[in-house]
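Undergrad: See final01.cif below, with mmCIF, C-alpha atoms and all ligand atoms.
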```cif
data_data
loop_
_atom_site.label_atom_id
_atom_site.label_comp_id
_atom_site.auth_asym_id
_atom_site.auth_seq_id
_atom_site.Cartn_x
_atom_site.Cartn_y
_atom_site.Cartn_z
CA MET W 15 132.02 113.38 63.82
CA THR W 16 128.70 112.32 65.37
CA GLU W 17 125.84 110.38 63.83
CA ASN W 18 124.33 113.71 62.63
CA ASN W 19 127.52 114.51 60.72
CA VAL W 20 128.24 117.31 63.14
CA VAL W 21 131.88 118.23 63.57
CA ILE W 22 132.58 119.69 66.99
CA SER W 23 135.71 121.72 67.48
CA LYS W 24 136.13 121.70 71.25
CA GLY W 25 137.49 125.01 72.44
CA LEU W 26 137.16 126.20 68.81
CA GLU W 27 140.57 124.66 68.22
CA GLY W 28 141.74 125.29 64.66
CA VAL W 29 138.76 127.55 63.83
CA PHE W 30 139.49 130.88 62.10
CA ILE W 31 137.00 133.62 63.06
CA SER W 32 138.07 136.55 60.87
CA ASP W 33 140.77 138.19 58.78
CA THR W 34 143.06 140.51 60.71
CA THR W 35 146.07 142.75 60.15
CA LEU W 36 146.76 143.06 63.86
CA CYS W 37 148.76 140.07 64.84
CA LYS W 38 150.32 136.98 63.29
CA ILE W 39 151.41 133.99 65.35
CA ASP W 40 153.44 131.18 63.83
CA GLY W 41 152.93 128.57 66.52
CA SER W 42 155.16 125.93 64.98
CA LYS W 43 158.17 128.25 64.67
CA GLY W 44 157.47 130.29 67.80
CA LYS W 45 157.15 133.62 66.01
CA LEU W 46 154.95 136.63 66.67
CA TRP W 47 154.38 139.90 64.83
CA TYR W 48 152.26 142.94 65.82
CA ARG W 49 151.04 144.62 62.61
CA GLY W 50 153.90 142.92 60.77
CA TYR W 51 156.68 143.97 63.18
CA PRO W 52 158.53 141.09 64.93
CA ILE W 53 157.92 141.13 68.67
CA GLU W 54 161.66 140.95 69.40
CA VAL W 55 162.24 144.20 67.48
CA LEU W 56 159.39 146.00 69.24
CA ALA W 57 160.62 144.67 72.60
CA GLU W 58 164.08 146.05 71.94
CA LYS W 59 163.34 149.34 70.20
CA SER W 60 159.83 150.51 70.98
CA ASN W 61 157.84 151.55 74.03
CA TYR W 62 154.31 150.75 75.16
CA GLU W 63 152.77 154.01 73.95
CA GLU W 64 154.18 153.48 70.45
CA VAL W 65 153.00 149.84 70.41
CA ALA W 66 149.50 150.87 71.54
CA TYR W 67 149.41 153.47 68.76
CA LEU W 68 150.60 150.87 66.25
CA LEU W 69 147.85 148.47 67.29
CA LEU W 70 145.08 151.06 67.34
CA TYR W 71 145.98 153.07 64.21
CA GLY W 72 147.65 150.35 62.14
CA LYS W 73 150.99 152.11 61.59
CA LEU W 74 153.97 153.37 63.54
CA PRO W 75 153.44 157.00 64.57
CA THR W 76 155.54 159.96 63.47
CA LYS W 77 157.27 161.85 66.28
CA LYS W 78 154.43 164.38 66.36
CA GLU W 79 151.71 161.73 66.29
CA LEU W 80 153.38 159.86 69.13
CA SER W 81 153.79 162.94 71.25
CA THR W 82 150.11 163.90 70.74
CA PHE W 83 149.05 160.34 71.64
CA GLU W 84 151.26 160.33 74.75
CA ASP W 85 149.80 163.68 75.82
CA ARG W 86 146.26 162.35 75.40
CA LEU W 87 147.11 159.33 77.57
CA LYS W 88 148.65 161.58 80.23
CA ASP W 89 145.55 163.83 80.22
CA GLU W 90 143.36 160.82 80.96
CA ARG W 91 145.35 159.11 83.73
CA GLU W 92 143.37 160.41 86.67
CA VAL W 93 140.24 158.68 87.93
CA SER W 94 137.25 160.26 89.68
CA GLU W 95 136.47 160.23 93.39
CA GLU W 96 133.66 157.72 92.74
CA ILE W 97 136.06 155.24 91.11
CA GLN W 98 138.41 155.73 94.06
CA THR W 99 135.49 154.97 96.37
CA ILE W 100 134.78 151.73 94.51
CA ILE W 101 138.43 150.75 95.03
CA LYS W 102 138.30 151.66 98.73
CA THR W 103 135.05 149.70 99.12
CA PHE W 104 136.01 146.48 97.36
CA ALA W 105 139.82 146.16 97.46
CA GLY W 106 140.74 143.50 99.98
CA LYS W 107 137.29 141.90 99.67
CA SER W 108 137.58 140.84 96.02
CA HIS W 109 140.52 139.81 93.88
CA PRO W 110 142.19 142.87 92.27
CA ASN W 111 141.13 141.67 88.82
CA ASP W 112 137.51 141.71 89.96
CA VAL W 113 137.86 145.20 91.44
CA LEU W 114 139.44 146.35 88.17
CA ARG W 115 136.55 144.80 86.23
CA THR W 116 134.02 146.66 88.40
CA CYS W 117 135.87 149.96 87.96
CA VAL W 118 136.10 149.59 84.18
CA SER W 119 132.40 148.82 84.07
CA ALA W 120 131.70 151.94 86.14
CA LEU W 121 133.76 154.09 83.74
CA SER W 122 130.89 153.84 81.25
CA ALA W 123 128.93 156.18 83.52
CA TYR W 124 131.35 158.96 82.57
CA ASP W 125 130.83 158.51 78.85
CA GLU W 126 129.19 161.68 77.61
CA ASP W 127 127.28 160.03 74.77
CA MET W 128 127.08 156.25 74.73
CA SER W 129 124.95 156.42 71.59
CA ASP W 130 127.91 157.87 69.63
CA ARG W 131 129.40 154.80 67.95
CA SER W 132 131.66 156.73 65.56
CA ASN W 133 135.29 155.66 65.13
CA ASP W 134 136.48 158.88 66.77
CA ALA W 135 134.30 158.34 69.84
CA ASN W 136 135.43 154.73 70.13
CA MET W 137 139.10 155.70 69.81
CA GLU W 138 138.60 158.25 72.60
CA ARG W 139 137.14 155.48 74.76
CA ALA W 140 140.12 153.23 74.05
CA ILE W 141 142.56 156.02 74.99
CA LYS W 142 140.71 156.70 78.24
CA LEU W 143 140.65 153.01 79.16
CA ILE W 144 144.34 152.46 78.34
CA ALA W 145 145.25 155.57 80.35
CA LYS W 146 143.12 154.88 83.41
CA MET W 147 143.65 151.17 83.94
CA PRO W 148 147.20 151.41 85.34
CA THR W 149 146.01 154.13 87.76
CA ILE W 150 143.19 151.87 88.95
CA VAL W 151 145.52 148.87 89.34
CA ALA W 152 148.09 150.94 91.25
CA MET W 153 145.35 152.26 93.55
CA ILE W 154 144.07 148.73 94.22
CA GLY W 155 147.63 147.69 95.13
CA ARG W 156 148.04 150.72 97.44
CA GLN W 157 144.67 150.14 99.10
CA ASN W 158 145.52 146.48 99.73
CA ARG W 159 148.71 147.57 101.48
CA GLY W 160 146.87 150.20 103.53
CA LYS W 161 148.63 153.06 101.77
CA GLU W 162 147.42 156.41 100.39
CA PHE W 163 146.79 156.75 96.66
CA ILE W 164 149.46 158.49 94.63
CA ALA W 165 148.53 160.90 91.84
CA PRO W 166 150.01 160.22 88.38
CA ARG W 167 153.14 162.09 87.30
CA ASN W 168 153.02 163.56 83.83
CA ASP W 169 156.79 163.62 83.39
CA LEU W 170 156.86 159.79 83.45
CA GLY W 171 156.05 157.32 80.68
CA HIS W 172 152.95 155.12 80.77
CA SER W 173 154.26 151.99 82.48
CA GLU W 174 156.98 153.81 84.45
CA ASN W 175 154.27 156.02 85.92
CA PHE W 176 152.29 152.90 86.85
CA LEU W 177 155.20 151.59 88.89
CA TYR W 178 155.66 154.99 90.49
CA MET W 179 151.97 155.15 91.48
CA LEU W 180 152.16 151.63 92.91
CA THR W 181 155.42 151.82 94.86
CA GLY W 182 155.68 155.55 95.56
CA LYS W 183 159.22 155.61 94.15
CA LYS W 184 160.34 156.78 90.72
CA PRO W 185 161.60 153.53 89.18
CA ASP W 186 165.29 153.22 88.35
CA GLU W 187 166.18 152.90 84.68
CA GLU W 188 166.24 149.09 84.70
CA SER W 189 162.84 148.69 86.40
CA ALA W 190 161.30 151.31 84.11
CA ARG W 191 162.59 149.43 81.06
CA LEU W 192 161.47 146.05 82.43
CA ILE W 193 157.90 147.07 83.25
CA ASP W 194 157.60 148.68 79.83
CA LEU W 195 158.91 145.49 78.23
CA MET W 196 156.21 143.50 80.04
CA PHE W 197 153.55 145.97 78.86
CA ILE W 198 154.77 145.62 75.26
CA LEU W 199 154.84 141.82 75.37
CA HIS W 200 151.32 141.59 76.82
CA ALA W 201 149.71 144.18 74.54
CA GLU W 202 148.28 141.87 71.89
CA HIS W 203 148.00 138.19 71.00
CA GLY W 204 145.44 137.37 68.34
CA SER W 205 142.11 135.71 69.08
CA ASN W 206 142.99 134.30 72.48
CA ALA W 207 140.14 133.59 74.94
CA SER W 208 139.84 137.13 76.36
CA THR W 209 140.05 138.84 72.97
CA PHE W 210 137.53 136.39 71.59
CA SER W 211 135.07 137.07 74.41
CA THR W 212 135.57 140.82 73.82
CA LEU W 213 134.63 140.22 70.18
CA VAL W 214 131.66 138.01 71.03
CA THR W 215 130.22 140.75 73.25
CA GLY W 216 131.11 143.42 70.69
CA SER W 217 129.50 141.46 67.87
CA THR W 218 126.06 142.04 69.39
CA LEU W 219 126.79 145.76 68.77
CA SER W 220 127.12 146.23 72.46
CA ASP W 221 129.52 148.99 73.56
CA VAL W 222 133.29 149.23 74.17
CA TYR W 223 132.98 149.07 77.98
CA SER W 224 130.77 145.96 77.99
CA ALA W 225 133.05 144.24 75.50
CA VAL W 226 136.29 144.87 77.40
CA VAL W 227 134.69 143.94 80.72
CA ALA W 228 134.07 140.53 79.11
CA GLY W 229 137.76 140.47 78.18
CA ILE W 230 138.90 141.35 81.71
CA SER W 231 136.64 138.63 83.14
CA THR W 232 137.92 136.02 80.73
CA LEU W 233 141.56 136.86 81.35
CA ARG W 234 141.20 136.04 85.05
CA GLY W 235 141.18 132.23 84.78
CA PRO W 236 144.35 130.20 85.49
CA LEU W 237 144.30 128.61 82.02
CA HIS W 238 144.71 132.12 80.55
CA GLY W 239 146.04 135.33 82.17
CA GLY W 240 145.68 134.00 85.71
CA ALA W 241 148.52 131.56 85.00
CA ASP W 242 151.15 134.18 85.94
CA GLU W 243 149.90 134.38 89.51
CA ALA W 244 149.51 130.58 89.68
CA ALA W 245 153.06 130.05 88.37
CA LEU W 246 154.55 132.23 91.09
CA LYS W 247 152.44 130.42 93.69
CA MET W 248 154.04 127.17 92.52
CA MET W 249 157.56 128.66 92.70
CA LYS W 250 156.85 129.81 96.26
CA ALA W 251 155.55 126.34 97.13
CA ILE W 252 158.79 124.85 95.76
CA GLY W 253 160.56 127.14 98.22
CA GLU W 254 164.19 126.11 97.78
CA PRO W 255 165.87 125.77 94.36
CA ASP W 256 167.03 122.25 95.24
CA ASN W 257 163.38 121.16 95.57
CA THR W 258 162.55 122.19 92.01
CA GLU W 259 163.14 118.90 90.19
CA SER W 260 161.42 116.67 92.76
CA TYR W 261 158.42 119.03 93.00
CA ILE W 262 157.91 119.20 89.23
CA GLU W 263 158.46 115.49 88.73
CA SER W 264 155.91 114.55 91.37
CA ALA W 265 153.43 117.13 89.99
CA LEU W 266 153.77 115.62 86.53
CA GLU W 267 153.42 112.11 87.89
CA GLY W 268 150.19 113.25 89.56
CA LYS W 269 149.03 114.55 86.14
CA GLN W 270 149.07 118.13 87.37
CA ARG W 271 149.56 120.99 84.96
CA ILE W 272 152.58 123.16 85.43
CA MET W 273 151.21 126.68 85.26
CA GLY W 274 153.01 128.95 82.81
CA PHE W 275 153.72 126.06 80.42
CA GLY W 276 151.84 125.02 77.30
CA HIS W 277 149.83 126.95 74.78
CA ARG W 278 147.01 126.20 72.37
CA VAL W 279 148.84 127.83 69.44
CA TYR W 280 152.55 127.63 70.25
CA LYS W 281 154.09 124.22 69.90
CA ALA W 282 157.51 125.89 70.07
CA TYR W 283 158.99 128.34 72.58
CA ASP W 284 156.63 131.30 73.07
CA PRO W 285 158.76 134.16 71.65
CA ARG W 286 157.52 136.52 74.37
CA ALA W 287 158.68 134.05 77.04
CA LYS W 288 162.04 133.85 75.28
CA VAL W 289 162.48 137.63 75.46
CA VAL W 290 161.65 137.55 79.18
CA TYR W 291 163.85 134.49 79.79
CA ASN W 292 166.86 136.15 78.19
CA TYR W 293 166.27 139.24 80.27
CA LEU W 294 165.87 137.15 83.41
CA LYS W 295 169.25 135.43 82.95
CA THR W 296 171.00 138.82 82.73
CA PHE W 297 168.99 140.18 85.64
CA MET W 298 169.98 137.20 87.77
CA LYS W 299 173.62 138.25 87.64
CA THR W 300 172.86 141.69 89.08
CA THR W 301 170.15 141.14 91.68
CA THR W 302 171.18 141.14 95.33
CA ASP W 303 167.76 140.24 96.74
CA GLU W 304 168.05 136.68 98.10
CA HIS W 305 164.32 135.93 97.79
CA VAL W 306 164.23 137.06 94.12
CA GLU W 307 167.45 135.17 93.43
CA LYS W 308 165.83 131.95 94.71
CA LEU W 309 162.71 132.47 92.60
CA LEU W 310 164.83 133.12 89.52
CA GLU W 311 166.85 129.97 90.11
CA ILE W 312 163.67 127.91 90.61
CA ALA W 313 162.24 129.32 87.34
CA ILE W 314 165.43 128.51 85.42
CA ARG W 315 165.72 124.99 86.83
CA ALA W 316 162.02 124.30 86.18
CA GLU W 317 162.41 125.47 82.59
CA LYS W 318 165.40 123.15 82.10
CA LEU W 319 163.61 120.13 83.56
CA MET W 320 160.42 120.77 81.59
CA GLU W 321 162.48 121.03 78.41
CA GLU W 322 163.82 117.52 79.06
CA LYS W 323 160.46 116.11 80.16
CA LEU W 324 157.81 117.74 77.99
CA SER W 325 158.96 120.53 75.69
CA LYS W 326 160.78 118.49 73.08
CA THR W 327 158.44 115.49 73.24
CA LYS W 328 155.02 117.12 73.62
CA GLY W 329 155.61 120.71 72.49
CA ILE W 330 154.84 122.10 75.94
CA TRP W 331 157.14 125.10 76.30
CA PRO W 332 157.09 127.99 78.75
CA ASN W 333 154.58 130.72 77.88
CA ILE W 334 154.75 134.43 78.71
CA ASP W 335 153.22 133.85 82.12
CA PHE W 336 155.96 131.62 83.51
CA PHE W 337 158.79 134.07 84.02
CA ALA W 338 156.72 137.12 84.99
CA GLY W 339 156.53 136.23 88.71
CA PRO W 340 160.20 136.51 89.74
CA LEU W 341 160.65 139.70 87.75
CA TYR W 342 157.53 141.39 89.11
CA THR W 343 158.57 140.30 92.60
CA ALA W 344 161.89 142.06 92.03
CA MET W 345 159.90 145.23 91.31
CA ASP W 346 157.89 144.81 94.53
CA ILE W 347 154.67 144.03 92.66
CA PRO W 348 152.34 141.70 94.61
CA SER W 349 151.28 138.54 92.76
CA ASP W 350 147.56 139.33 92.78
CA LEU W 351 148.27 142.37 90.59
CA PHE W 352 149.92 140.32 87.81
CA THR W 353 146.69 139.60 85.92
CA PRO W 354 145.32 143.16 86.30
CA ILE W 355 148.63 144.47 84.90
CA PHE W 356 148.24 142.05 81.99
CA ALA W 357 144.70 143.39 81.46
CA SER W 358 145.93 147.00 81.49
CA SER W 359 148.43 146.24 78.79
CA ARG W 360 146.05 144.04 76.74
CA MET W 361 143.48 146.86 76.62
CA ALA W 362 145.27 148.09 73.48
CA GLY W 363 144.87 144.69 71.79
CA TRP W 364 141.26 144.18 72.92
CA THR W 365 140.08 147.57 71.65
CA ALA W 366 142.09 147.35 68.41
CA HIS W 367 140.54 143.94 67.67
CA LEU W 368 137.08 145.20 68.50
CA PHE W 369 137.35 148.18 66.13
CA GLU W 370 138.75 145.98 63.38
CA TYR W 371 135.94 143.45 63.85
CA TRP W 372 133.29 146.19 63.79
CA THR W 373 134.42 147.28 60.30
CA ASN W 374 132.84 144.04 59.04
CA ASN W 375 130.74 142.90 61.97
CA ARG W 376 128.86 139.64 62.07
CA LEU W 377 127.08 138.36 65.16
CA PHE W 378 128.78 135.35 66.72
CA ARG W 379 126.23 132.57 66.92
CA PRO W 380 127.75 129.09 66.87
CA LEU W 381 125.67 125.94 67.29
CA ASP W 382 125.65 123.19 69.83
CA ASN W 383 124.84 119.59 69.12
CA TYR W 384 121.84 118.50 71.20
CA VAL W 385 122.40 115.03 72.63
CA GLY W 386 119.50 114.90 75.12
CA GLU W 387 116.08 113.30 74.81
CA LEU W 388 113.11 114.82 72.94
CA ASP W 389 109.32 114.93 73.34
CA LEU W 390 109.37 113.90 76.98
CA LYS W 391 106.04 113.65 78.74
CA TYR W 392 105.44 116.61 81.10
CA VAL W 393 104.45 115.25 84.52
CA ASP W 394 102.66 117.62 86.84
CA ILE W 395 104.79 118.64 89.85
CA SER W 396 102.34 117.01 92.29
CA LYS W 397 102.99 113.62 90.65
CA ARG W 398 106.82 113.64 90.33
N1 LIG W 401 151.68 121.01 82.23
C1 LIG W 401 151.63 119.67 82.03
N2 LIG W 401 150.99 119.11 80.97
C2 LIG W 401 150.37 119.93 80.12
C3 LIG W 401 150.38 121.33 80.28
C4 LIG W 401 151.07 121.87 81.40
N3 LIG W 401 151.12 123.17 81.63
N4 LIG W 401 149.69 121.89 79.28
C5 LIG W 401 149.23 120.89 78.51
N5 LIG W 401 149.63 119.71 79.02
C6 LIG W 401 149.36 118.38 78.48
C7 LIG W 401 147.94 117.94 78.78
O1 LIG W 401 147.83 117.28 80.00
C8 LIG W 401 147.65 117.04 77.59
O2 LIG W 401 148.30 115.82 77.82
P1 LIG W 401 147.67 114.45 77.26
O3 LIG W 401 147.67 114.56 75.77
O4 LIG W 401 148.60 113.39 77.77
O5 LIG W 401 146.29 114.38 77.82
C9 LIG W 401 148.38 117.73 76.43
O6 LIG W 401 149.44 118.48 77.05
C10 LIG W 401 147.49 118.65 75.64
O7 LIG W 401 146.82 119.53 76.55
P2 LIG W 401 145.49 120.33 76.17
O8 LIG W 401 144.84 120.76 77.45
O9 LIG W 401 144.65 119.56 75.21
O10 LIG W 401 146.08 121.52 75.38
P3 LIG W 401 145.36 122.92 75.19
O11 LIG W 401 145.74 123.41 73.88
O12 LIG W 401 143.90 122.87 75.47
O13 LIG W 401 146.05 123.70 76.40
C11 LIG W 401 146.62 125.38 77.86
C12 LIG W 401 146.52 124.96 76.39
C13 LIG W 401 145.21 125.49 78.45
C14 LIG W 401 147.27 126.75 77.91
C15 LIG W 401 147.45 124.34 78.66
O14 LIG W 401 148.73 124.19 78.10
C16 LIG W 401 147.55 124.66 80.14
O15 LIG W 401 146.64 124.32 80.90
N6 LIG W 401 148.67 125.35 80.57
C17 LIG W 401 148.80 125.78 81.93
C18 LIG W 401 148.09 127.10 82.13
C19 LIG W 401 148.80 128.24 81.44
O16 LIG W 401 150.00 128.40 81.57
N7 LIG W 401 148.02 129.09 80.76
C20 LIG W 401 148.54 130.29 80.13
C21 LIG W 401 148.55 130.19 78.64
S1 LIG W 401 149.27 131.64 77.92
C22 LIG W 401 148.13 132.83 78.14
O17 LIG W 401 146.95 132.61 78.15
C23 LIG W 401 148.59 134.20 78.35
#
```
For this file, write the structure as structure tokens.
TA:
Amino acid sequence: MTENNVVISKGLEGVFISDTTLCKIDGSKGKLWYRGYPIEVLAEKSNYEEVAYLLLYGKLPTKKELSTFEDRLKDEREVSEEIQTIIKTFAGKSHPNDVLRTCVSALSAYDEDMSDRSNDANMERAIKLIAKMPTIVAMIGRQNRGKEFIAPRNDLGHSENFLYMLTGKKPDEESARLIDLMFILHAEHGSNASTFSTLVTGSTLSDVYSAVVAGISTLRGPLHGGADEAALKMMKAIGEPDNTESYIESALEGKQRIMGFGHRVYKAYDPRAKVVYNYLKTFMKTTTDEHVEKLLEIAIRAEKLMEEKLSKTKGIWPNIDFFAGPLYTAMDIPSDLFTPIFASSRMAGWTAHLFEYWTNNRLFRPLDNYVGELDLKYVDISKR
């Protein structure tokens, strides 16, 4: 409270911005539901296409509805020569998330009628964006490794096809399931920073492309989606599992943040991180890759130490971004693609939120509390 009776909520902490039926987070119990379905159930039983449908249309699809939706996504996977040229021009010069952002922005040029703001037209845009983003991300990854682009395969599922386009190999059953699991877990998460910035842009009655470009840009930072890449960087810096405890302890003593830990809403274990953690422990028993094995052990030991040091006392638990690195590494996914993959998956949540917000739109226009001087005397530049 200031002298003007202004209450400032830094970072909009604790501020509700709208009603929603998309997502419920119980931060104190560590629970998450998409459209009322517990995340653990969707992670176990569903697939990304079904989850995207659920988010966009508000209900689980029938078999026929799902198959039509999947076919639409498959029809839209390819990207034009011009988009491929953008990738060839900028990949390697800019971070993959920035190249993705530029490509998504350029996709608006292919919209046949930007003035059509009907629900049907917007849903078509969402489908195109969800379908094309994994292709763009895979192409960026290929370009960065000096490899030819690989065309999508229509006999493969959404995320499985992404891995195929990136690595050039049809994923085995376990990798296909794991990448799909990661897509499901990243699909939606309430009014987080990137969804909020999507809504802020959308609330001016701007268009779908502009709004989601704001989301992609906001996701990039290490306090949000960029934490997955930063967490793996830390694990690599730790190097040997036996260094884990000393590294984390000295980082905490130096008041550093441990990337992949903490959350504005969760003060309990992030349920998405728990799903991944459980998977990771099983995966650890089967992997034969020494490098991945080390990363997994570092992640597990860091989690244990943090639990003793900070989780129980300060409510700083692992978030979804912490365990992604070792698992993506096992699938031969380079770390600079982690955030763009997150963005590809979150496109379903961003667009679903945008369409929901537009049903009862109100321009975002908060206030700031001016604390500077007033009525200063203007001095001519020659006399300053
Ligand atoms: N490591 C060590 N200490 C931490 C961490 C962390 N990762 N996160 C928070 N803290 C400490 C802060 O230093 C602060 O301590 P203090 O009270 O002694 O000053 C206290 O916990 C509260 O921190 P805030 O920054 O006020 O909490 P906020 O709600 O703003 O933070 C955030 C949330 C930004 C996610 C934070 O936990 C963080 O920086 N985490 C690391 C980055 C990260 O993993 N981001 C991904 C989040 S999930 C996602 O976006 C997909």
Undergrad: Using Å and a single decimal, report how far atom CA of Asp40 of chain W sits from atom CA of Gly72 of chain W.
TA: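 Rounded to one decimal, the two atoms are 20.1 Å apart.
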Undergrad: Kindly provide, as an mmCIF file with C-alpha atoms, keeping the file's coordinate frame, the polymer residues lying within 8 Å of (158.8, 150.1, 83.9), counting only C-alpha atoms and using the coordinates exactly as they appear in the file.
TA:
```cif
data_model
loop_
_atom_site.group_PDB
_atom_site.id
_atom_site.type_symbol
_atom_site.label_atom_id
_atom_site.label_comp_id
_atom_site.auth_asym_id
_atom_site.auth_seq_id
_atom_site.Cartn_x
_atom_site.Cartn_y
_atom_site.Cartn_z
ATOM 1 C CA SER W 173 154.260 151.990 82.480
ATOM 2 C CA GLU W 174 156.980 153.810 84.450
ATOM 3 C CA ASN W 175 154.270 156.020 85.920
ATOM 4 C CA PHE W 176 152.290 152.900 86.850
ATOM 5 C CA LEU W 177 155.200 151.590 88.890
ATOM 6 C CA PRO W 185 161.600 153.530 89.180
ATOM 7 C CA GLU W 187 166.180 152.900 84.680
ATOM 8 C CA GLU W 188 166.240 149.090 84.700
ATOM 9 C CA SER W 189 162.840 148.690 86.400
ATOM 10 C CA ALA W 190 161.300 151.310 84.110
ATOM 11 C CA ARG W 191 162.590 149.430 81.060
ATOM 12 C CA LEU W 192 161.470 146.050 82.430
ATOM 13 C CA ILE W 193 157.900 147.070 83.250
ATOM 14 C CA ASP W 194 157.600 148.680 79.830
ATOM 15 C CA LEU W 195 158.910 145.490 78.230
#
```
Undergrad: Record the distance separating atom CA of Arg131 of chain W and atom CA of Thr35 of chain W, expressed in Å with one decimal.
TA: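 Atom-to-atom, atom CA of Arg131 of chain W and atom CA of Thr35 of chain W are spaced 22.0 Å apart.
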Undergrad: Counting only C-alpha atoms and all ligand atoms, name the residues that have an atom within 9 Å of an atom of ligand LIG 401 (chain W); the answer should be given as an MDAnalysis selection string.
TA: chainID W and resid 24:25 27 200 203 206:208 233 235:242 244:245 265:266 269:280 284 320 324 328:336 356
Undergrad: Between W:Arg91, W:Leu351, W:Ala140, W:Ala120, which one has atoms that come closest to Arg167 of chain W, using only C-alpha atoms?
TA: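 Nearest to Arg167 of chain W: W:Arg91.
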Undergrad: Have a look at atom CA of Asn61 of chain W and atom CA of Leu46 of chain W and let me know their distance in Å, one decimal.
TA: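 Here the two named atoms are 16.9 Å from each other.
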Undergrad: Compare W:Asp112, W:Glu202, W:Glu58, W:Glu84 by their minimum atom-to-atom distance to Gly363 of chain W, counting all atoms listed in the file, and give me the closest one.
TA: W:Glu202
